[in-house]
Amino acid sequence: MKIEIISKEQQRNRNYWINEINQLSGDFTANSEKIEKKVNQEIKNNGMDALVGHLRLCGAIPERYHHDSSEEKLYSKYTDVVIHEAYSYMGFNSLVLKERAGVADVECVSDNYSFVADAKAFRLSRTAKNQKDFKIQAMDSWKHGKPYAMVVCPVYQLPSRKSQIYQQAGARSVCIGTYTHLAVLVRYAETTSKNRAMRLLHEVFKAVEAMNPSKDANTYWQIVNRRMLDFDKKISGIWNNEKQASVEAIYISREEALGFLALERERIMRLSKEDAIKEILKSSKINNKIKAINSVSDNGVLSFG
C-alpha cells in the first residue's frame with residue numbers, strides 16, 4: 001500500500017515513542033509526568049503536524065508490550081496525554097488527572113461547557129472486545145457534575161453493526177468519538193479558529209444527548225458524522241484526508257505488529273529446550289502462583305468472640 005497522507009516523520013515519531021515507553025521503568029507517576037512534558041514540548045516545537053501524527057497512529061497498543069505490563073499502562077497514559085493535547089490545541093483548558101480510580105483521565109473546561117474524556121487503545125491481535133472495554137457506563141458516573149463525557153477510540157476497533165455501547169452512549173450522554181474525529185477537529189481549529197472548533201464539538205455532544213438510544217452503529221455514526229460535516233463546508237476536505245489517513249494507519253499498525261510477531265516467532269524457534277521450558281514457566285507465572293498459595297494462612301476470624 002502506498003502511504004500518501006501519513007508522513008515518514010510521523011511514522012518515525014511513532015517508532016520513537018514505542019521505544020521511549022519501552023525503556024521507561026520505575027515510578028509510574030514520575031514516568032507519566034515525563035511523557036506528558038515530552039509530548040507537550042514536541043508539539044510546541046513541531047506544531048499541529050506532530051499532534052495529528054500522534055492522533056493518527058496511537059490507537060494500537062504495540063504487540064511488544066506484555067499484557068498488563070508497566071509499558072502497557074504507560075502507553076495507556078500516553079494516549080490520555082495525546083487527547084489532552086488535542087483538546088488544548090482546540091482551545092480548552094485541559095488537564096490530565098493524576099487519580100487512578102473513580103475518575104476519568106482527562107478533564108476539559110471552556111467558557112460555554114465542560115466535559116471529561118478517556119482514551120482507549122487496543123492491540124490489533126485482540127479479537128474479543130467486551131462492551132465494558134469502552135467504559136461508557138463508567139464515564140457517565142465519572143462526569144461528577146459535568147454535562148458531557150467523551151470516549152476516544154481507534155476507529156477500526158469499534159463495532160460496525162450493532163452494539164450496546166451505542167445504546168448506552170445515547171442513554172447516558174456519553175459521546176463515542178475516534179482519534180480520527182479529534183484529528184479533524186484539531187485541523188479545523190487550525191484552519192478556522194479555536195472557538196469554531198469548540199463550538200463544533202459542542203454540537204456533537206448535543207447531538208449525542210438528543211439521540212434516541214439505539215444499538216445500531218449506522219444510526220449513531222450517521223448522526224455524529226453528519227453533524228460535523230454539516231457544520232462547515234471546510235470540514236469535508238479535512239474529513240476525506242483523515243479518512244484516508246485512518247486506512248493508512250491500519251496498514252502501518254498491521255505491518256508493525258506482524259513484523260514484531262515474526263521476529264518473536266523466530267526467537268522462540270531458536271530457543272534450546274532448557275530455555276524454552278524457562279520461558280513457558282515464566283509466562284505461566286507458576287512461581288508467583290506458588291508464592292501466593294504459600295502466603296495463605298489462618299486469619300483468625302473464627303477466633304473473634
# chains A, B, ... in the order shown; residues from 1 in each chain; ligands from 1

$ select_by_dssp --residues "segment 97-276 of chain A" --states "helix (DSSP H, G or I)" --output "count of residues only"
105

$ residues_around --residues "Arg227 of chain A" --least-positions-apart "5" --cutoff "8 Å" --atoms "only C-alpha atoms" --output "PDB file with C-alpha atoms, in the first residue's frame"
ATOM      1  CA  GLU A 203     -22.765  20.472  18.603  1.00  0.00           C
ATOM      2  CA  VAL A 204     -21.602  16.854  18.545  1.00  0.00           C
ATOM      3  CA  ALA A 207     -26.426  15.584  19.039  1.00  0.00           C
TER       4      ALA A 207
END

$ residues_around --residues "Tyr16 of chain A" --least-positions-apart "6" --cutoff "12 Å" --atoms "only C-alpha atoms" --output "PDB file with N, CA and C atoms, in the first residue's frame"
ATOM      1  N   GLU A   9       7.958  11.262   8.759  1.00  0.00           N
ATOM      2  CA  GLU A   9       8.311  11.808  10.068  1.00  0.00           C
ATOM      3  C   GLU A   9       7.324  11.337  11.131  1.00  0.00           C
ATOM      4  N   GLN A  10       6.034  11.308  10.812  1.00  0.00           N
ATOM      5  CA  GLN A  10       5.031  10.820  11.762  1.00  0.00           C
ATOM      6  C   GLN A  10       5.236   9.344  12.068  1.00  0.00           C
ATOM      7  N   ASN A  22       8.984   1.871  26.133  1.00  0.00           N
ATOM      8  CA  ASN A  22       9.544   0.557  26.438  1.00  0.00           C
ATOM      9  C   ASN A  22      10.752   0.653  27.374  1.00  0.00           C
ATOM     10  N   GLN A  23      11.485   1.762  27.283  1.00  0.00           N
ATOM     11  CA  GLN A  23      12.701   1.937  28.079  1.00  0.00           C
ATOM     12  C   GLN A  23      12.444   2.517  29.461  1.00  0.00           C
ATOM     13  N   LYS A  38       7.197  15.693  27.668  1.00  0.00           N
ATOM     14  CA  LYS A  38       7.891  15.490  26.402  1.00  0.00           C
ATOM     15  C   LYS A  38       6.956  15.621  25.202  1.00  0.00           C
ATOM     16  N   VAL A  39       5.732  15.078  25.336  1.00  0.00           N
ATOM     17  CA  VAL A  39       4.754  15.213  24.250  1.00  0.00           C
ATOM     18  C   VAL A  39       4.382  16.676  24.065  1.00  0.00           C
ATOM     19  N   HIS A  54       0.406  11.861  16.160  1.00  0.00           N
ATOM     20  CA  HIS A  54       0.058  11.050  17.344  1.00  0.00           C
ATOM     21  C   HIS A  54      -1.375  10.533  17.231  1.00  0.00           C
TER      22      HIS A  54
END

$ atom_distance --atom1 "atom CA of Ile176 of chain A" --atom2 "atom CA of Glu71 of chain A"
25.7 Å

$ select_by_dssp --residues "segment 173-210 of chain A" --states "strand (DSSP E)" --output "PyMOL selection string"
chain A and resi 174-178

$ residues_around --residues "segment 163-174 of chain A" --least-positions-apart "3" --cutoff "7 Å" --atoms "only C-alpha atoms" --output "PDB file with N, CA and C atoms, in the first residue's frame"
ATOM      1  N   GLN A 131     -18.187  -4.945  25.787  1.00  0.00           N
ATOM      2  CA  GLN A 131     -18.718  -3.586  25.909  1.00  0.00           C
ATOM      3  C   GLN A 131     -18.093  -2.843  27.085  1.00  0.00           C
ATOM      4  N   ILE A 136     -18.463   2.970  28.853  1.00  0.00           N
ATOM      5  CA  ILE A 136     -19.470   4.014  28.641  1.00  0.00           C
ATOM      6  C   ILE A 136     -20.222   4.321  29.934  1.00  0.00           C
ATOM      7  N   GLN A 137     -20.669   3.287  30.621  1.00  0.00           N
ATOM      8  CA  GLN A 137     -21.406   3.493  31.873  1.00  0.00           C
ATOM      9  C   GLN A 137     -20.515   4.112  32.937  1.00  0.00           C
ATOM     10  N   ASP A 140     -20.140   7.840  32.450  1.00  0.00           N
ATOM     11  CA  ASP A 140     -21.308   8.587  32.912  1.00  0.00           C
ATOM     12  C   ASP A 140     -21.193   8.884  34.403  1.00  0.00           C
ATOM     13  N   TYR A 148     -21.186  16.526  29.959  1.00  0.00           N
ATOM     14  CA  TYR A 148     -20.806  15.621  28.879  1.00  0.00           C
ATOM     15  C   TYR A 148     -19.580  14.775  29.229  1.00  0.00           C
ATOM     16  N   ALA A 149     -19.431  13.688  28.477  1.00  0.00           N
ATOM     17  CA  ALA A 149     -18.245  12.837  28.576  1.00  0.00           C
ATOM     18  C   ALA A 149     -17.934  12.308  27.181  1.00  0.00           C
ATOM     19  N   MET A 150     -16.667  12.000  26.949  1.00  0.00           N
ATOM     20  CA  MET A 150     -16.254  11.509  25.629  1.00  0.00           C
ATOM     21  C   MET A 150     -15.262  10.365  25.781  1.00  0.00           C
ATOM     22  N   PRO A 159     -17.352  -1.397  17.047  1.00  0.00           N
ATOM     23  CA  PRO A 159     -18.373  -2.238  16.406  1.00  0.00           C
ATOM     24  C   PRO A 159     -19.015  -1.489  15.240  1.00  0.00           C
ATOM     25  N   VAL A 208     -25.477  13.836  20.430  1.00  0.00           N
ATOM     26  CA  VAL A 208     -25.489  12.564  21.162  1.00  0.00           C
ATOM     27  C   VAL A 208     -26.524  12.621  22.284  1.00  0.00           C
ATOM     28  N   GLU A 209     -26.581  13.754  22.967  1.00  0.00           N
ATOM     29  CA  GLU A 209     -27.531  13.930  24.069  1.00  0.00           C
ATOM     30  C   GLU A 209     -28.970  13.801  23.587  1.00  0.00           C
ATOM     31  N   MET A 211     -30.058  12.029  21.030  1.00  0.00           N
ATOM     32  CA  MET A 211     -30.313  10.770  20.317  1.00  0.00           C
ATOM     33  C   MET A 211     -31.406   9.941  20.969  1.00  0.00           C
ATOM     34  N   ASN A 212     -32.133   9.212  20.127  1.00  0.00           N
ATOM     35  CA  ASN A 212     -32.998   8.151  20.618  1.00  0.00           C
ATOM     36  C   ASN A 212     -32.112   6.914  20.768  1.00  0.00           C
ATOM     37  N   PRO A 213     -31.850   6.459  21.996  1.00  0.00           N
ATOM     38  CA  PRO A 213     -30.885   5.369  22.195  1.00  0.00           C
ATOM     39  C   PRO A 213     -31.167   4.147  21.335  1.00  0.00           C
ATOM     40  N   SER A 214     -30.140   3.688  20.653  1.00  0.00           N
ATOM     41  CA  SER A 214     -30.264   2.537  19.765  1.00  0.00           C
ATOM     42  C   SER A 214     -28.943   1.793  19.708  1.00  0.00           C
ATOM     43  N   LYS A 215     -29.000   0.480  19.519  1.00  0.00           N
ATOM     44  CA  LYS A 215     -27.791  -0.328  19.388  1.00  0.00           C
ATOM     45  C   LYS A 215     -27.178  -0.231  17.993  1.00  0.00           C
ATOM     46  N   ASP A 216     -27.889   0.378  17.084  1.00  0.00           N
ATOM     47  CA  ASP A 216     -27.456   0.405  15.689  1.00  0.00           C
ATOM     48  C   ASP A 216     -26.280   1.359  15.469  1.00  0.00           C
ATOM     49  N   ALA A 217     -25.152   0.812  15.003  1.00  0.00           N
ATOM     50  CA  ALA A 217     -23.950   1.618  14.772  1.00  0.00           C
ATOM     51  C   ALA A 217     -24.176   2.650  13.676  1.00  0.00           C
ATOM     52  N   TYR A 220     -26.005   5.708  14.947  1.00  0.00           N
ATOM     53  CA  TYR A 220     -25.150   6.563  15.781  1.00  0.00           C
ATOM     54  C   TYR A 220     -24.178   7.369  14.935  1.00  0.00           C
TER      55      TYR A 220
END

$ closest_residue --among "A:Ile43, A:Met90, A:Ile223, A:Ile268" --to "Arg196 of chain A" --atoms "only C-alpha atoms"
A:Met90

$ atom_distance --atom1 "atom CA of Val103 of chain A" --atom2 "atom CA of Val186 of chain A"
25.0 Å

$ residues_around --residues "Ala249 of chain A" --least-positions-apart "5" --cutoff "12 Å" --atoms "only C-alpha atoms" --output "ChimeraX atom specification"
/A:1-7,10-11,14,52-60,124,154-156,179-180,242-244,254-256

$ write_last_selection --atoms "N, CA and C atoms" --output "compact mmCIF listing (two decimals), in the first residue's frame"
# COMPACT_ATOMS: atom_id res chain seq x y z
N MET A 1 0.85 -1.21 0.00
CA MET A 1 0.00 0.00 0.00
C MET A 1 0.88 1.25 0.00
N LYS A 2 0.52 2.21 -0.83
CA LYS A 2 1.26 3.47 -0.87
C LYS A 2 0.75 4.42 0.22
N ILE A 3 1.69 4.88 1.07
CA ILE A 3 1.32 5.80 2.15
C ILE A 3 1.47 7.23 1.64
N GLU A 4 0.37 7.94 1.57
CA GLU A 4 0.39 9.28 0.99
C GLU A 4 0.07 10.38 1.99
N ILE A 5 -0.71 10.08 3.00
CA ILE A 5 -1.16 11.10 3.95
C ILE A 5 -0.26 11.13 5.19
N ILE A 6 -0.03 9.98 5.78
CA ILE A 6 0.80 9.91 6.99
C ILE A 6 2.27 10.03 6.57
N SER A 7 2.94 11.04 7.10
CA SER A 7 4.31 11.35 6.66
C SER A 7 5.32 10.37 7.26
N GLN A 10 6.03 11.31 10.81
CA GLN A 10 5.03 10.82 11.76
C GLN A 10 5.24 9.34 12.07
N GLN A 11 5.63 8.56 11.08
CA GLN A 11 5.91 7.14 11.29
C GLN A 11 7.16 6.96 12.15
N ARG A 14 6.31 7.72 15.70
CA ARG A 14 5.59 6.58 16.30
C ARG A 14 6.60 5.56 16.85
N VAL A 52 -1.19 15.74 15.13
CA VAL A 52 -2.02 14.92 14.23
C VAL A 52 -1.37 13.56 14.00
N GLY A 53 -0.04 13.53 13.93
CA GLY A 53 0.66 12.26 13.79
C GLY A 53 0.39 11.32 14.95
N HIS A 54 0.41 11.86 16.16
CA HIS A 54 0.06 11.05 17.34
C HIS A 54 -1.38 10.53 17.23
N LEU A 55 -2.30 11.41 16.89
CA LEU A 55 -3.71 11.03 16.80
C LEU A 55 -3.94 9.94 15.75
N ARG A 56 -3.22 10.01 14.66
CA ARG A 56 -3.40 9.03 13.58
C ARG A 56 -2.92 7.63 13.95
N LEU A 57 -1.89 7.55 14.81
CA LEU A 57 -1.21 6.26 14.99
C LEU A 57 -1.24 5.69 16.41
N CYS A 58 -1.80 6.43 17.37
CA CYS A 58 -1.67 5.99 18.76
C CYS A 58 -2.69 4.95 19.19
N GLY A 59 -3.66 4.62 18.35
CA GLY A 59 -4.75 3.73 18.78
C GLY A 59 -4.38 2.28 18.96
N ALA A 60 -3.23 1.86 18.41
CA ALA A 60 -2.82 0.45 18.51
C ALA A 60 -1.75 0.26 19.57
N LEU A 124 -3.95 -4.95 18.02
CA LEU A 124 -4.61 -5.47 16.82
C LEU A 124 -4.94 -6.95 16.97
N PRO A 154 -9.82 4.03 18.69
CA PRO A 154 -9.38 3.84 17.30
C PRO A 154 -10.58 3.42 16.45
N VAL A 155 -10.78 4.08 15.34
CA VAL A 155 -12.00 3.88 14.55
C VAL A 155 -12.16 2.44 14.10
N TYR A 156 -11.06 1.76 13.77
CA TYR A 156 -11.14 0.41 13.22
C TYR A 156 -11.42 -0.65 14.28
N TYR A 179 -10.04 8.86 17.33
CA TYR A 179 -8.86 9.70 17.14
C TYR A 179 -8.96 10.44 15.81
N THR A 180 -9.62 9.84 14.84
CA THR A 180 -9.82 10.49 13.54
C THR A 180 -10.70 11.73 13.68
N GLU A 242 -8.42 12.79 6.43
CA GLU A 242 -8.21 11.98 7.63
C GLU A 242 -8.83 10.59 7.50
N LYS A 243 -9.86 10.48 6.70
CA LYS A 243 -10.45 9.17 6.43
C LYS A 243 -9.44 8.28 5.72
N GLN A 244 -8.72 8.85 4.74
CA GLN A 244 -7.66 8.10 4.06
C GLN A 244 -6.51 7.79 5.03
N ARG A 254 -0.60 -2.64 11.29
CA ARG A 254 -0.57 -4.07 10.97
C ARG A 254 0.85 -4.54 10.65
N GLU A 255 1.55 -3.76 9.85
CA GLU A 255 2.92 -4.12 9.49
C GLU A 255 3.83 -4.11 10.71
N GLU A 256 3.62 -3.14 11.57
CA GLU A 256 4.39 -3.04 12.82
C GLU A 256 4.17 -4.28 13.69

$ atom_distance --atom1 "atom CA of Ile250 of chain A" --atom2 "atom CA of Arg126 of chain A"
14.2 Å

$ closest_residue --among "A:Phe205, A:Phe134, A:Phe28, A:Trp17" --to "Lys98 of chain A" --atoms "only C-alpha atoms"
A:Phe28

$ closest_residue --among "A:Leu200, A:Cys153, A:Ile35, A:Ile18" --to "Pro62 of chain A" --atoms "only C-alpha atoms"
A:Ile18

$ closest_residue --among "A:Leu158, A:Ala276, A:Met48, A:Ala197" --to "Asn130 of chain A" --atoms "only C-alpha atoms"
A:Leu158

$ closest_residue --among "A:Arg199, A:Lys162, A:Lys37, A:Lys194" --to "Ser114 of chain A" --atoms "only C-alpha atoms"
A:Arg199
